[in-house]
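A.B. asks: Coordinates in model08.pdb, PDB, C-alpha atoms and all ligand atoms, are listed below.
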ATOM      1  CA  MET A 491       0.000   0.000   0.000  1.00  0.00           C
ATOM      2  CA  ASN A 492       1.294   3.469  -0.849  1.00  0.00           C
ATOM      3  CA  PRO A 493       2.019   5.670   2.163  1.00  0.00           C
ATOM      4  CA  MET A 494      -0.278   8.657   2.627  1.00  0.00           C
ATOM      5  CA  PRO A 495       1.219  11.727   0.903  1.00  0.00           C
ATOM      6  CA  ALA A 496       2.421  14.380   3.345  1.00  0.00           C
ATOM      7  CA  PRO A 497      -0.197  17.078   3.828  1.00  0.00           C
ATOM      8  CA  ARG A 498       0.589  20.327   2.033  1.00  0.00           C
ATOM      9  CA  HIS A 499       1.174  22.254   5.216  1.00  0.00           C
ATOM     10  CA  THR A 500       4.031  20.020   6.338  1.00  0.00           C
ATOM     11  CA  LYS A 501       5.890  21.016   3.194  1.00  0.00           C
ATOM     12  CA  GLU A 502       5.149  24.647   3.813  1.00  0.00           C
ATOM     13  CA  THR A 503       6.226  24.516   7.437  1.00  0.00           C
ATOM     14  CA  LEU A 504       9.221  22.249   6.765  1.00  0.00           C
ATOM     15  CA  ASN A 505       8.178  20.053   9.661  1.00  0.00           C
ATOM     16  CA  PRO A 506       7.417  16.500   8.592  1.00  0.00           C
ATOM     17  CA  ALA A 507       5.957  15.756  12.039  1.00  0.00           C
ATOM     18  CA  ALA A 508       3.514  18.682  12.139  1.00  0.00           C
ATOM     19  CA  GLY A 509      -0.072  17.563  12.459  1.00  0.00           C
ATOM     20  CA  VAL A 510       0.860  14.113  13.739  1.00  0.00           C
ATOM     21  CA  PRO A 511      -0.367  13.686  17.322  1.00  0.00           C
ATOM     22  CA  ARG A 512       2.765  12.489  19.048  1.00  0.00           C
ATOM     23  CA  PRO A 513       4.754  13.433  22.137  1.00  0.00           C
ATOM     24  CA  LEU A 514       6.751  16.622  22.472  1.00  0.00           C
ATOM     25  CA  THR A 515       9.297  17.601  19.834  1.00  0.00           C
ATOM     26  CA  LEU A 516      12.966  17.197  20.686  1.00  0.00           C
ATOM     27  CA  ALA A 517      13.201  20.995  20.857  1.00  0.00           C
ATOM     28  CA  GLN A 518      10.348  21.085  23.370  1.00  0.00           C
ATOM     29  CA  ARG A 519      11.937  18.314  25.430  1.00  0.00           C
ATOM     30  CA  SER A 520      15.259  20.161  25.465  1.00  0.00           C
ATOM     31  CA  ASN A 521      13.452  22.989  27.251  1.00  0.00           C
ATOM     32  CA  LEU A 522      12.527  20.638  30.086  1.00  0.00           C
ATOM     33  CA  LEU A 523      16.207  20.470  31.095  1.00  0.00           C
ATOM     34  CA  TYR A 524      17.524  22.813  33.775  1.00  0.00           C
ATOM     35  CA  PRO A 525      20.767  23.664  31.885  1.00  0.00           C
ATOM     36  CA  THR A 526      18.693  24.847  28.904  1.00  0.00           C
ATOM     37  CA  ALA A 527      16.646  27.081  31.185  1.00  0.00           C
ATOM     38  CA  TRP A 528      19.761  28.443  32.914  1.00  0.00           C
ATOM     39  CA  GLY A 529      21.392  29.363  29.597  1.00  0.00           C
ATOM     40  CA  TYR A 530      18.315  30.555  27.762  1.00  0.00           C
ATOM     41  CA  ALA A 531      18.269  34.240  28.755  1.00  0.00           C
ATOM     42  CA  ALA A 532      21.885  34.712  27.601  1.00  0.00           C
ATOM     43  CA  TRP A 533      21.094  33.101  24.222  1.00  0.00           C
ATOM     44  CA  ARG A 534      17.891  35.135  23.875  1.00  0.00           C
ATOM     45  CA  ALA A 535      19.730  38.429  24.424  1.00  0.00           C
ATOM     46  CA  ARG A 536      21.967  37.735  21.395  1.00  0.00           C
ATOM     47  CA  SER A 537      19.867  35.477  19.208  1.00  0.00           C
ATOM     48  CA  LEU A 538      18.078  38.072  17.073  1.00  0.00           C
ATOM     49  CA  THR A 539      21.348  39.814  16.272  1.00  0.00           C
ATOM     50  CA  TRP A 540      22.674  36.509  14.937  1.00  0.00           C
ATOM     51  CA  LEU A 541      19.445  35.533  13.208  1.00  0.00           C
ATOM     52  CA  THR A 542      18.717  38.878  11.550  1.00  0.00           C
ATOM     53  CA  GLY A 543      22.325  39.715  10.667  1.00  0.00           C
ATOM     54  CA  GLN A 544      22.100  43.172  12.206  1.00  0.00           C
ATOM     55  CA  PRO A 545      22.228  44.625  15.737  1.00  0.00           C
ATOM     56  CA  PHE A 546      18.929  43.615  17.298  1.00  0.00           C
ATOM     57  CA  SER A 547      18.789  44.060  21.047  1.00  0.00           C
ATOM     58  CA  LEU A 548      16.002  43.010  23.379  1.00  0.00           C
ATOM     59  CA  GLU A 549      15.312  46.733  23.867  1.00  0.00           C
ATOM     60  CA  ARG A 550      14.729  47.106  20.123  1.00  0.00           C
ATOM     61  CA  GLU A 551      12.396  44.094  20.105  1.00  0.00           C
ATOM     62  CA  ALA A 552      10.483  45.444  23.110  1.00  0.00           C
ATOM     63  CA  ALA A 553      10.164  48.849  21.442  1.00  0.00           C
ATOM     64  CA  LEU A 554       8.897  47.317  18.196  1.00  0.00           C
ATOM     65  CA  PHE A 555       6.303  45.292  20.070  1.00  0.00           C
ATOM     66  CA  THR A 556       5.219  48.221  22.222  1.00  0.00           C
ATOM     67  CA  VAL A 557       4.848  50.649  19.326  1.00  0.00           C
ATOM     68  CA  LEU A 558       2.832  48.224  17.213  1.00  0.00           C
ATOM     69  CA  CYS A 559       0.713  46.554  19.910  1.00  0.00           C
ATOM     70  CA  ARG A 560       0.301  49.344  22.464  1.00  0.00           C
ATOM     71  CA  PRO A 561      -0.293  47.228  25.583  1.00  0.00           C
ATOM     72  CA  ARG A 562      -2.199  49.305  28.127  1.00  0.00           C
ATOM     73  CA  PRO A 563      -2.460  49.238  31.935  1.00  0.00           C
ATOM     74  CA  GLY A 564      -5.121  46.861  33.177  1.00  0.00           C
ATOM     75  CA  GLN A 565      -5.216  44.756  30.035  1.00  0.00           C
ATOM     76  CA  ARG A 566      -4.939  40.991  30.392  1.00  0.00           C
ATOM     77  CA  TRP A 567      -2.304  39.335  28.166  1.00  0.00           C
ATOM     78  CA  LEU A 568      -1.158  35.781  27.594  1.00  0.00           C
ATOM     79  CA  ASP A 569       2.573  35.272  26.989  1.00  0.00           C
ATOM     80  CA  ALA A 570       2.536  31.961  25.130  1.00  0.00           C
ATOM     81  CA  GLY A 571       5.748  29.953  25.606  1.00  0.00           C
ATOM     82  CA  THR A 572       7.209  32.549  27.940  1.00  0.00           C
ATOM     83  CA  SER A 573      10.518  30.717  28.566  1.00  0.00           C
ATOM     84  CA  THR A 574      12.420  33.111  30.830  1.00  0.00           C
ATOM     85  CA  GLY A 575       9.687  35.737  30.667  1.00  0.00           C
ATOM     86  CA  PHE A 576      10.932  38.317  28.165  1.00  0.00           C
ATOM     87  CA  TYR A 577       7.516  39.412  26.876  1.00  0.00           C
ATOM     88  CA  ALA A 578       5.927  38.910  30.298  1.00  0.00           C
ATOM     89  CA  GLY A 579       8.410  41.444  31.675  1.00  0.00           C
ATOM     90  CA  VAL A 580       7.693  43.952  28.911  1.00  0.00           C
ATOM     91  CA  LEU A 581       3.962  43.592  29.533  1.00  0.00           C
ATOM     92  CA  THR A 582       4.192  44.058  33.289  1.00  0.00           C
ATOM     93  CA  GLN A 583       6.222  47.228  32.717  1.00  0.00           C
ATOM     94  CA  ALA A 584       3.291  48.468  30.630  1.00  0.00           C
ATOM     95  CA  GLY A 585       0.967  47.784  33.578  1.00  0.00           C
ATOM     96  CA  CYS A 586      -0.716  44.687  32.152  1.00  0.00           C
ATOM     97  CA  GLU A 587      -1.903  41.588  33.980  1.00  0.00           C
ATOM     98  CA  VAL A 588      -0.092  38.617  32.448  1.00  0.00           C
ATOM     99  CA  VAL A 589      -0.597  34.886  32.285  1.00  0.00           C
ATOM    100  CA  ALA A 590       2.885  33.627  31.379  1.00  0.00           C
ATOM    101  CA  ALA A 591       2.531  30.050  30.170  1.00  0.00           C
ATOM    102  CA  ASP A 592       5.066  27.399  29.273  1.00  0.00           C
ATOM    103  CA  LEU A 593       5.231  23.622  29.291  1.00  0.00           C
ATOM    104  CA  SER A 594       8.670  23.681  30.936  1.00  0.00           C
ATOM    105  CA  ALA A 595       8.832  23.915  34.724  1.00  0.00           C
ATOM    106  CA  PRO A 596      12.561  24.814  34.670  1.00  0.00           C
ATOM    107  CA  MET A 597      11.842  27.689  32.256  1.00  0.00           C
ATOM    108  CA  LEU A 598       9.047  28.970  34.489  1.00  0.00           C
ATOM    109  CA  ALA A 599      11.322  28.749  37.536  1.00  0.00           C
ATOM    110  CA  ALA A 600      13.978  30.810  35.711  1.00  0.00           C
ATOM    111  CA  ALA A 601      11.324  33.291  34.573  1.00  0.00           C
ATOM    112  CA  ARG A 602      10.034  33.787  38.123  1.00  0.00           C
ATOM    113  CA  ARG A 603      13.557  34.656  39.244  1.00  0.00           C
ATOM    114  CA  ARG A 604      14.001  37.129  36.358  1.00  0.00           C
ATOM    115  CA  VAL A 605      10.586  38.823  36.371  1.00  0.00           C
ATOM    116  CA  ARG A 606       9.720  39.702  39.936  1.00  0.00           C
ATOM    117  CA  ALA A 607       6.972  42.202  39.172  1.00  0.00           C
ATOM    118  CA  PRO A 608       3.507  41.536  40.563  1.00  0.00           C
ATOM    119  CA  GLY A 609       0.733  40.918  38.078  1.00  0.00           C
ATOM    120  CA  VAL A 610       2.096  37.714  36.534  1.00  0.00           C
ATOM    121  CA  ASP A 611       0.435  34.315  36.868  1.00  0.00           C
ATOM    122  CA  TRP A 612       2.899  31.584  35.907  1.00  0.00           C
ATOM    123  CA  LEU A 613       1.097  28.700  34.231  1.00  0.00           C
ATOM    124  CA  LEU A 614       2.548  25.270  33.451  1.00  0.00           C
ATOM    125  CA  THR A 615       0.580  23.993  30.468  1.00  0.00           C
ATOM    126  CA  ASN A 616       0.776  22.779  26.903  1.00  0.00           C
ATOM    127  CA  LEU A 617      -0.879  25.605  25.006  1.00  0.00           C
ATOM    128  CA  GLU A 618      -1.974  23.288  22.206  1.00  0.00           C
ATOM    129  CA  ALA A 619      -4.626  22.132  24.698  1.00  0.00           C
ATOM    130  CA  SER A 620      -4.615  24.467  27.679  1.00  0.00           C
ATOM    131  CA  GLY A 621      -8.324  24.643  28.438  1.00  0.00           C
ATOM    132  CA  LEU A 622      -8.033  28.411  28.920  1.00  0.00           C
ATOM    133  CA  PRO A 623     -11.435  30.056  28.426  1.00  0.00           C
ATOM    134  CA  ASP A 624     -12.551  31.471  25.085  1.00  0.00           C
ATOM    135  CA  ALA A 625     -11.980  35.178  24.421  1.00  0.00           C
ATOM    136  CA  SER A 626     -10.298  35.665  27.791  1.00  0.00           C
ATOM    137  CA  PHE A 627      -7.297  37.820  26.772  1.00  0.00           C
ATOM    138  CA  ASP A 628      -6.903  41.329  25.374  1.00  0.00           C
ATOM    139  CA  GLY A 629      -3.639  40.264  23.795  1.00  0.00           C
ATOM    140  CA  VAL A 630      -1.342  37.311  23.172  1.00  0.00           C
ATOM    141  CA  THR A 631       2.436  37.347  22.625  1.00  0.00           C
ATOM    142  CA  VAL A 632       4.223  34.417  20.994  1.00  0.00           C
ATOM    143  CA  GLY A 633       7.996  34.728  20.953  1.00  0.00           C
ATOM    144  CA  ALA A 634       9.259  31.800  18.839  1.00  0.00           C
ATOM    145  CA  ALA A 635       7.109  29.122  20.487  1.00  0.00           C
ATOM    146  CA  LEU A 636       5.593  28.573  17.044  1.00  0.00           C
ATOM    147  CA  ASN A 637       8.943  27.177  15.879  1.00  0.00           C
ATOM    148  CA  GLU A 638       9.114  24.609  18.667  1.00  0.00           C
ATOM    149  CA  THR A 639       5.594  23.393  19.241  1.00  0.00           C
ATOM    150  CA  ARG A 640       4.527  19.984  17.928  1.00  0.00           C
ATOM    151  CA  ASP A 641       1.529  21.211  15.939  1.00  0.00           C
ATOM    152  CA  PRO A 642       1.749  24.920  15.104  1.00  0.00           C
ATOM    153  CA  ALA A 643      -1.662  24.948  13.388  1.00  0.00           C
ATOM    154  CA  ARG A 644      -3.262  23.705  16.575  1.00  0.00           C
ATOM    155  CA  LEU A 645      -1.341  26.203  18.695  1.00  0.00           C
ATOM    156  CA  LEU A 646      -2.441  29.095  16.473  1.00  0.00           C
ATOM    157  CA  ALA A 647      -6.069  27.934  16.531  1.00  0.00           C
ATOM    158  CA  GLU A 648      -5.941  27.793  20.316  1.00  0.00           C
ATOM    159  CA  LEU A 649      -4.394  31.246  20.609  1.00  0.00           C
ATOM    160  CA  GLU A 650      -7.017  32.729  18.300  1.00  0.00           C
ATOM    161  CA  ARG A 651      -9.714  31.059  20.408  1.00  0.00           C
ATOM    162  CA  VAL A 652      -8.534  32.628  23.680  1.00  0.00           C
ATOM    163  CA  LEU A 653      -8.176  36.116  22.149  1.00  0.00           C
ATOM    164  CA  ARG A 654     -11.165  38.407  22.600  1.00  0.00           C
ATOM    165  CA  PRO A 655     -12.765  40.112  19.600  1.00  0.00           C
ATOM    166  CA  GLY A 656     -10.750  43.247  18.922  1.00  0.00           C
ATOM    167  CA  GLY A 657      -7.731  41.774  20.713  1.00  0.00           C
ATOM    168  CA  THR A 658      -4.102  41.776  19.553  1.00  0.00           C
ATOM    169  CA  LEU A 659      -1.857  38.866  18.605  1.00  0.00           C
ATOM    170  CA  TRP A 660       1.919  39.413  18.377  1.00  0.00           C
ATOM    171  CA  LEU A 661       4.068  36.782  16.700  1.00  0.00           C
ATOM    172  CA  MET A 662       7.837  36.581  16.472  1.00  0.00           C
ATOM    173  CA  TYR A 663       9.116  33.481  14.683  1.00  0.00           C
ATOM    174  CA  LEU A 664      11.674  32.175  12.233  1.00  0.00           C
ATOM    175  CA  ALA A 665      10.108  31.786   8.827  1.00  0.00           C
ATOM    176  CA  ARG A 666      10.908  29.218   6.221  1.00  0.00           C
ATOM    177  CA  THR A 667      13.982  29.945   4.134  1.00  0.00           C
ATOM    178  CA  GLY A 668      14.209  26.566   2.450  1.00  0.00           C
ATOM    179  CA  GLY A 669      17.868  26.323   3.482  1.00  0.00           C
ATOM    180  CA  PRO A 670      19.625  23.085   4.463  1.00  0.00           C
ATOM    181  CA  LEU A 671      20.052  24.016   8.147  1.00  0.00           C
ATOM    182  CA  GLN A 672      16.315  24.558   8.591  1.00  0.00           C
ATOM    183  CA  ALA A 673      15.606  21.337   6.692  1.00  0.00           C
ATOM    184  CA  ALA A 674      17.914  19.465   9.086  1.00  0.00           C
ATOM    185  CA  LEU A 675      16.485  21.079  12.245  1.00  0.00           C
ATOM    186  CA  SER A 676      12.963  20.246  11.133  1.00  0.00           C
ATOM    187  CA  ARG A 677      13.750  16.533  11.196  1.00  0.00           C
ATOM    188  CA  PRO A 678      12.272  14.959  14.346  1.00  0.00           C
ATOM    189  CA  ALA A 679      15.619  13.481  15.417  1.00  0.00           C
ATOM    190  CA  LEU A 680      17.369  16.854  15.125  1.00  0.00           C
ATOM    191  CA  GLY A 681      14.774  19.040  16.861  1.00  0.00           C
ATOM    192  CA  GLY A 682      11.453  18.723  15.080  1.00  0.00           C
ATOM    193  CA  LEU A 683      11.358  22.480  14.591  1.00  0.00           C
ATOM    194  CA  THR A 684       8.831  24.150  12.304  1.00  0.00           C
ATOM    195  CA  PHE A 685       9.701  27.090  10.052  1.00  0.00           C
ATOM    196  CA  PRO A 686       6.370  28.380   8.751  1.00  0.00           C
ATOM    197  CA  ASP A 687       5.665  30.559   5.761  1.00  0.00           C
ATOM    198  CA  PRO A 688       3.957  33.803   6.818  1.00  0.00           C
ATOM    199  CA  ALA A 689       1.150  33.061   4.321  1.00  0.00           C
ATOM    200  CA  TRP A 690       0.579  29.708   5.998  1.00  0.00           C
ATOM    201  CA  VAL A 691       0.480  31.375   9.427  1.00  0.00           C
ATOM    202  CA  ALA A 692      -2.132  33.825   8.137  1.00  0.00           C
ATOM    203  CA  ARG A 693      -4.298  30.964   6.891  1.00  0.00           C
ATOM    204  CA  GLN A 694      -4.334  29.391  10.365  1.00  0.00           C
ATOM    205  CA  LEU A 695      -5.846  32.585  11.780  1.00  0.00           C
ATOM    206  CA  PRO A 696      -9.106  33.006   9.837  1.00  0.00           C
ATOM    207  CA  GLY A 697     -10.608  35.237  12.519  1.00  0.00           C
ATOM    208  CA  CYS A 698      -7.659  37.642  12.520  1.00  0.00           C
ATOM    209  CA  VAL A 699      -6.258  40.244  10.149  1.00  0.00           C
ATOM    210  CA  ARG A 700      -2.542  40.899   9.836  1.00  0.00           C
ATOM    211  CA  THR A 701      -2.033  44.609  10.347  1.00  0.00           C
ATOM    212  CA  HIS A 702       1.768  44.793  10.476  1.00  0.00           C
ATOM    213  CA  GLY A 703       4.628  42.589   9.352  1.00  0.00           C
ATOM    214  CA  LEU A 704       8.399  42.949   9.325  1.00  0.00           C
ATOM    215  CA  ARG A 705      10.893  40.384   8.067  1.00  0.00           C
ATOM    216  CA  LEU A 706      14.616  40.650   8.797  1.00  0.00           C
ATOM    217  CA  GLY A 707      16.506  37.615   7.553  1.00  0.00           C
ATOM    218  CA  ALA A 708      14.538  34.621   8.739  1.00  0.00           C
ATOM    219  CA  ALA A 709      13.016  36.519  11.675  1.00  0.00           C
ATOM    220  CA  VAL A 710       9.415  37.644  11.264  1.00  0.00           C
ATOM    221  CA  PHE A 711       7.522  40.041  13.515  1.00  0.00           C
ATOM    222  CA  GLU A 712       3.769  40.280  12.963  1.00  0.00           C
ATOM    223  CA  ARG A 713       0.821  41.976  14.574  1.00  0.00           C
ATOM    224  CA  TYR A 714      -2.653  40.544  14.012  1.00  0.00           C
ATOM    225  CA  GLY A 715      -5.956  41.998  15.150  1.00  0.00           C
ATOM    226  CA  ARG A 716      -8.873  39.699  16.048  1.00  0.00           C
ATOM    227  CA  GLY A 717     -12.037  40.570  14.190  1.00  0.00           C
ATOM    228  CA  GLU A 718     -14.867  42.119  16.246  1.00  0.00           C
TER     229      GLU A 718
HETATM  230  C1  LIG A 801      12.031  29.790  21.732  1.00  0.00           C
HETATM  231  S1  LIG A 801      11.385  29.657  23.344  1.00  0.00           S
HETATM  232  C2  LIG A 801      10.417  31.100  23.528  1.00  0.00           C
HETATM  233  C3  LIG A 801      11.018  32.286  24.190  1.00  0.00           C
HETATM  234  C4  LIG A 801      10.168  33.391  24.709  1.00  0.00           C
HETATM  235  N1  LIG A 801       8.829  33.440  24.193  1.00  0.00           N
HETATM  236  C5  LIG A 801      10.896  34.647  24.376  1.00  0.00           C
HETATM  237  O1  LIG A 801      10.414  35.406  23.541  1.00  0.00           O
HETATM  238  O2  LIG A 801      11.987  34.814  24.915  1.00  0.00           O
HETATM  239  C6  LIG A 801      10.004  28.593  23.183  1.00  0.00           C
HETATM  240  C7  LIG A 801       9.323  28.302  24.497  1.00  0.00           C
HETATM  241  O3  LIG A 801       8.010  27.831  24.203  1.00  0.00           O
HETATM  242  C8  LIG A 801       7.733  26.728  25.030  1.00  0.00           C
HETATM  243  N2  LIG A 801       6.769  25.926  24.314  1.00  0.00           N
HETATM  244  C9  LIG A 801       6.938  25.274  23.132  1.00  0.00           C
HETATM  245  N3  LIG A 801       5.796  24.672  22.774  1.00  0.00           N
HETATM  246  C10 LIG A 801       4.891  24.942  23.751  1.00  0.00           C
HETATM  247  C11 LIG A 801       3.533  24.570  23.956  1.00  0.00           C
HETATM  248  N4  LIG A 801       2.879  23.830  23.072  1.00  0.00           N
HETATM  249  N5  LIG A 801       2.907  25.011  25.072  1.00  0.00           N
HETATM  250  C12 LIG A 801       3.572  25.783  25.972  1.00  0.00           C
HETATM  251  N6  LIG A 801       4.852  26.158  25.839  1.00  0.00           N
HETATM  252  C13 LIG A 801       5.513  25.745  24.733  1.00  0.00           C
HETATM  253  C14 LIG A 801       9.060  26.044  25.271  1.00  0.00           C
HETATM  254  O4  LIG A 801       9.056  25.282  26.467  1.00  0.00           O
HETATM  255  C15 LIG A 801      10.009  27.225  25.318  1.00  0.00           C
HETATM  256  O5  LIG A 801      10.198  27.666  26.639  1.00  0.00           O
END
Could you show the structure in this file as structure tokens?

C.D. replies:
Amino acid sequence: MNPMPAPRHTKETLNPAAGVPRPLTLAQRSNLLYPTAWGYAAWRARSLTWLTGQPFSLEREAALFTVLCRPRPGQRWLDAGTSTGFYAGVLTQAGCEVVAADLSAPMLAAARRRVRAPGVDWLLTNLEASGLPDASFDGVTVGAALNETRDPARLLAELERVLRPGGTLWLMYLARTGGPLQAALSRPALGGLTFPDPAWVARQLPGCVRTHGLRLGAAVFERYGRGE
């Protein structure tokens, strides 16, 4: 019997495992290790400079997010895949209430040490099936969790579901380049990462409209607004 052809989206996302209900990707499992969590903030501070090929500090990323998404005091935001809490910290400085969620307990422990501001609920969950209520957030930030999650279509559907009408979705991810390194890292044994096309991401968010997009190298920054 011929094997089932790979669905179109796996080609577009360069992740042959996407859409297959299986355990965590290797990249996700690597985040369950304490050494990964200890080293993550140092990597994060430099990663966008390496990945965009130009100076790109965390301050610049925070400014880009703040200008485009305008988080306001009293708003309730979800930081999806918070790791060591970068976006959670930016949001608390803007006066927001934040649910900072991650499936890695070591990452959440590191985040709690880094971001000591009140107004953050740290939540250990897999956001592909979190059970968070519908339309319960004014905004959602996703800093690169899309690249690591097992099923990015499912994650995006879930994040759209929890966003209220009129709410804001901020995505930062590495988009598909078609290069050999991405092809290797997308193999399950080498990470199981996903590198989505921006057009594919947009199709997973039928209730949202992309209002802003910036691509620097492989790094993509996008703001979506949820339809009223
Ligand atoms: C590249 S790191 C994200 C860093 C962080 N958002 C930032 O901007 O610095 C990806 C994080 O997402 C988490 N993650 C991946 N898939 C997830 C899922 N399905 N549910 C919850 N967290 C997830 C990982 O544990 C990891 O901490």

A.B. asks: Give me, as a VMD selection string, all polymer residues having an atom no more than 6 Å from segment 573-590 of chain A, counting only C-alpha atoms and skipping those fewer than 3 positions away in the same chain.

C.D. replies: chain A and resid 563 to 569 597 600 to 601 605 609 to 613

A.B. asks: Using the chain letters and numbering of this document, enumerate as a PyMOL selection string the residues selected by the PyMOL selection byres (((chain A and resi 627-631) around 9) and not hetatm).

C.D. replies: chain A and resi 559+561+565-572+577-578+623-626+632-633+649-650+652-662

A.B. asks: Expanded to explicit residues, what is the PyMOL selection byres (((not hetatm)) within 9 of (chain A and resi 801)) for this file, as a short mmCIF file (atom, residue, chain, number, x, y, z; two decimals) with C-alpha atoms, keeping the file's coordinate frame?

C.D. replies:
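Everything below was put into result_33.cif:
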data_model
loop_
_atom_site.label_atom_id
_atom_site.label_comp_id
_atom_site.auth_asym_id
_atom_site.auth_seq_id
_atom_site.Cartn_x
_atom_site.Cartn_y
_atom_site.Cartn_z
CA LEU A 514 6.75 16.62 22.47
CA THR A 515 9.30 17.60 19.83
CA ALA A 517 13.20 21.00 20.86
CA GLN A 518 10.35 21.08 23.37
CA ARG A 519 11.94 18.31 25.43
CA SER A 520 15.26 20.16 25.46
CA ASN A 521 13.45 22.99 27.25
CA LEU A 522 12.53 20.64 30.09
CA ALA A 527 16.65 27.08 31.18
CA TYR A 530 18.32 30.56 27.76
CA ALA A 531 18.27 34.24 28.76
CA ARG A 534 17.89 35.14 23.88
CA ALA A 535 19.73 38.43 24.42
CA ASP A 569 2.57 35.27 26.99
CA ALA A 570 2.54 31.96 25.13
CA GLY A 571 5.75 29.95 25.61
CA THR A 572 7.21 32.55 27.94
CA SER A 573 10.52 30.72 28.57
CA THR A 574 12.42 33.11 30.83
CA GLY A 575 9.69 35.74 30.67
CA PHE A 576 10.93 38.32 28.16
CA TYR A 577 7.52 39.41 26.88
CA ALA A 578 5.93 38.91 30.30
CA ALA A 591 2.53 30.05 30.17
CA ASP A 592 5.07 27.40 29.27
CA LEU A 593 5.23 23.62 29.29
CA SER A 594 8.67 23.68 30.94
CA ALA A 595 8.83 23.92 34.72
CA PRO A 596 12.56 24.81 34.67
CA MET A 597 11.84 27.69 32.26
CA LEU A 598 9.05 28.97 34.49
CA LEU A 614 2.55 25.27 33.45
CA THR A 615 0.58 23.99 30.47
CA ASN A 616 0.78 22.78 26.90
CA LEU A 617 -0.88 25.60 25.01
CA GLU A 618 -1.97 23.29 22.21
CA ALA A 619 -4.63 22.13 24.70
CA SER A 620 -4.62 24.47 27.68
CA THR A 631 2.44 37.35 22.62
CA VAL A 632 4.22 34.42 20.99
CA GLY A 633 8.00 34.73 20.95
CA ALA A 634 9.26 31.80 18.84
CA ALA A 635 7.11 29.12 20.49
CA LEU A 636 5.59 28.57 17.04
CA ASN A 637 8.94 27.18 15.88
CA GLU A 638 9.11 24.61 18.67
CA THR A 639 5.59 23.39 19.24
CA ARG A 640 4.53 19.98 17.93
CA ASP A 641 1.53 21.21 15.94
CA PRO A 642 1.75 24.92 15.10
CA ARG A 644 -3.26 23.70 16.58
CA LEU A 645 -1.34 26.20 18.70
CA MET A 662 7.84 36.58 16.47
CA TYR A 663 9.12 33.48 14.68
#

A.B. asks: Could you expand the PyMOL selection byres (((chain A and resi 536-543) around 8) and not hetatm) into the explicit residues it covers here, written as a list of chain:residue names?

C.D. replies: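 Selection result, ordered by chain and number: A:Ala532, A:Trp533, A:Arg534, A:Ala535, A:Gln544, A:Pro545, A:Phe546, A:Ser547, A:Leu706, A:Gly707, A:Ala708, A:Ala709.
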
A.B. asks: Rounded to one decimal, what separation in Å do you get between atom CA of Phe711 of chain A and atom CA of Ala552 of chain A?

C.D. replies: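 Going from atom CA of Phe711 of chain A over to atom CA of Ala552 of chain A covers 11.4 Å.
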
A.B. asks: Between atom CA of Pro513 of chain A and atom CA of Pro525 of chain A, what is the distance in Å, rounded to a tenth?

C.D. replies: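 Taking atom CA of Pro513 of chain A as the start and atom CA of Pro525 of chain A as the end point, the length is 21.4 Å.
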
A.B. asks: Could you add whatever atoms are missing so that segment 564-575 of chain A carries N, CA and C atoms, then write the result as a compact mmCIF listing (two decimals), keeping the file's coordinate frame?

C.D. replies:
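Saved the output as result_26.txt:
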# COMPACT_ATOMS: atom_id res chain seq x y z
N GLY A 564 -3.86 47.53 32.87
CA GLY A 564 -5.12 46.86 33.18
C GLY A 564 -5.53 45.81 32.16
N GLN A 565 -4.88 45.80 31.01
CA GLN A 565 -5.22 44.76 30.04
C GLN A 565 -4.69 43.41 30.52
N ARG A 566 -5.33 42.35 30.02
CA ARG A 566 -4.94 40.99 30.39
C ARG A 566 -4.32 40.32 29.15
N TRP A 567 -3.05 39.94 29.29
CA TRP A 567 -2.30 39.34 28.17
C TRP A 567 -1.86 37.93 28.52
N LEU A 568 -1.76 37.10 27.48
CA LEU A 568 -1.16 35.78 27.59
C LEU A 568 0.21 35.82 26.91
N ASP A 569 1.26 35.45 27.62
CA ASP A 569 2.57 35.27 26.99
C ASP A 569 2.75 33.77 26.75
N ALA A 570 2.60 33.38 25.50
CA ALA A 570 2.54 31.96 25.13
C ALA A 570 3.94 31.42 24.87
N GLY A 571 4.38 30.47 25.71
CA GLY A 571 5.75 29.95 25.61
C GLY A 571 6.71 31.00 26.13
N THR A 572 6.51 31.39 27.39
CA THR A 572 7.21 32.55 27.94
C THR A 572 8.70 32.31 28.13
N SER A 573 9.12 31.06 28.23
CA SER A 573 10.52 30.72 28.57
C SER A 573 10.94 31.49 29.81
N THR A 574 11.94 32.38 29.65
CA THR A 574 12.42 33.11 30.83
C THR A 574 11.72 34.47 30.98
N GLY A 575 10.58 34.63 30.33
CA GLY A 575 9.69 35.74 30.67
C GLY A 575 9.97 37.06 29.99
